[in-house]
Amino acid sequence: MNVAVIGLGLIGGSVLRALAVHGHRVSGYDADPATRATARTAAAQAPANARWHVTGTIADAVRDADLTVVAVPLPSVGAVFDELASLAYVGVVTDVTSVKGPVRDLALDRLRTGGQSLATFIGGHPMAGRETSGFTAADPRLFEGCAWVLCLTGDGAGIRDWLELAALVTGLGARVVPATADEHDHAVAAISHVPHLVAAAMAARVASDPLAGTLAAGSFRDGTRVAAARPELTAAMCGGNAPAVLAALDAVLADLNAARAILDGSDPIGALTPWLTPGYTARLAWPPRPGETADLPARADVLLRLGRVGGWIESVSTDRKTVHAARPS
């Protein structure tokens, strides 16, 4: 498949590298000239059968592309969509941002000309982020074993293109999780966005306490790892999903206020145990282990039900009529 990748940071650069390793013809573009130069140098040093092309414009990148992967931060997505529309691009467009509802709305508004929709848009989000960023952090194996959300609508619009993209993604070693944009945003607010806020707050506490900074070890390292992500990226992620993040943050604050009340009580040790137990149990059960597998019909309603029970797609049949799927045990 001919693929264009717009934005060559950690995720976009890893998509570029992974697609090239798997034999796809890939062109990449980044607005930053230094990033383009770094990516060109890396391409020249890659094995001959796993190289990519870096272009000087979006137009050159997408000229022959069947699929365009938009891998820029949320505030820049609209401008990329505008340029694709100005080029009358009619291939498939997907993205890798961590918020899906706002990007879906931008696609509906921007990927059109003269009132007519152009490209088919399929929202995507590989759950493979790291606290590092930039093309130099890109890794062609980043997506192996990761969950990669591909958004569907209940009416099954664009299901054929969705299945082609799902086949591409599973070919990179990822597990495709079907979900609507709103379902995705609700889920990631709890497991990604709020943890970034909590980690930032905890990390900031040691700035004024040198002794705490010296004593910090495993608990601090693991609990604050994502605080090392670039603040502007975290702000776009959390702010772009504000309604869902507010609800998830309020739930966490309510739980922490309950813990505070216990600590202020007469038997904090005894009372904390039942407060801690649900989290202990949930963490021991994560990550979900694959249970039964089955070949399912490739229909939107079936696929969305799979995602809602925490299931995922491992492969797509060559005729695109079925998917091989797993549910958690």
# chains A, B, ... in the order shown; residues from 1 in each chain; ligands from 1
$ residues_around --residues "stretch 139-151 of chain A" --least-positions-apart "4" --cutoff "9 Å" --atoms "only C-alpha atoms" --output "count of residues only"
39
$ select_by_dssp --residues "stretch 148-324 of chain A" --states "strand (DSSP E)" --output "ChimeraX atom specification"
/A:148-151,175-179,290-297,312-316,322-324
$ atom_distance --atom1 "atom CA of A:Ala227" --atom2 "atom CA of A:Arg130"
10.5 Å
$ closest_atom_pairs --of "stretch 68-96 of chain A" --to "stretch 239-253 of chain A" --cutoff "12 Å" --atoms "only C-alpha atoms" --output "CSV"
residue,atom,partner,partner_atom,distance
A:Pro73,CA,A:Gly240,CA,10.5
A:Leu74,CA,A:Gly240,CA,7.5
A:Pro75,CA,A:Gly240,CA,8.8
A:Val77,CA,A:Gly240,CA,11.9
$ write_last_selection --atoms "C-alpha atoms" --output "PDB file, in the first residue's frame"
ATOM      1  CA  PRO A  73      -0.743  17.337  17.710  1.00  0.00           C
ATOM      2  CA  LEU A  74      -4.447  18.096  18.066  1.00  0.00           C
ATOM      3  CA  PRO A  75      -4.092  21.890  17.572  1.00  0.00           C
ATOM      4  CA  VAL A  77      -4.955  18.700  12.816  1.00  0.00           C
TER       5      VAL A  77
END
$ atom_distance --atom1 "atom CA of A:Leu163" --atom2 "atom CA of A:Arg320"
6.5 Å
$ residues_around --residues "A:Ser27" --least-positions-apart "5" --cutoff "8 Å" --atoms "only C-alpha atoms" --output "compact mmCIF listing (two decimals) with C-alpha atoms, in the first residue's frame"
# COMPACT_ATOMS: atom_id res chain seq x y z
CA VAL A 3 0.98 5.53 2.58
CA ALA A 4 1.72 9.13 3.52
CA VAL A 5 2.57 10.04 7.12
CA LEU A 16 6.65 5.49 9.05
CA TRP A 52 11.07 5.65 3.16
CA HIS A 53 10.92 8.95 1.31
CA VAL A 54 10.76 12.33 3.03
CA THR A 55 9.08 15.13 1.08
CA ALA A 61 3.71 13.26 0.37
CA VAL A 62 0.08 12.46 -0.48
$ atom_distance --atom1 "atom CA of A:Leu108" --atom2 "atom CA of A:Val323"
27.8 Å
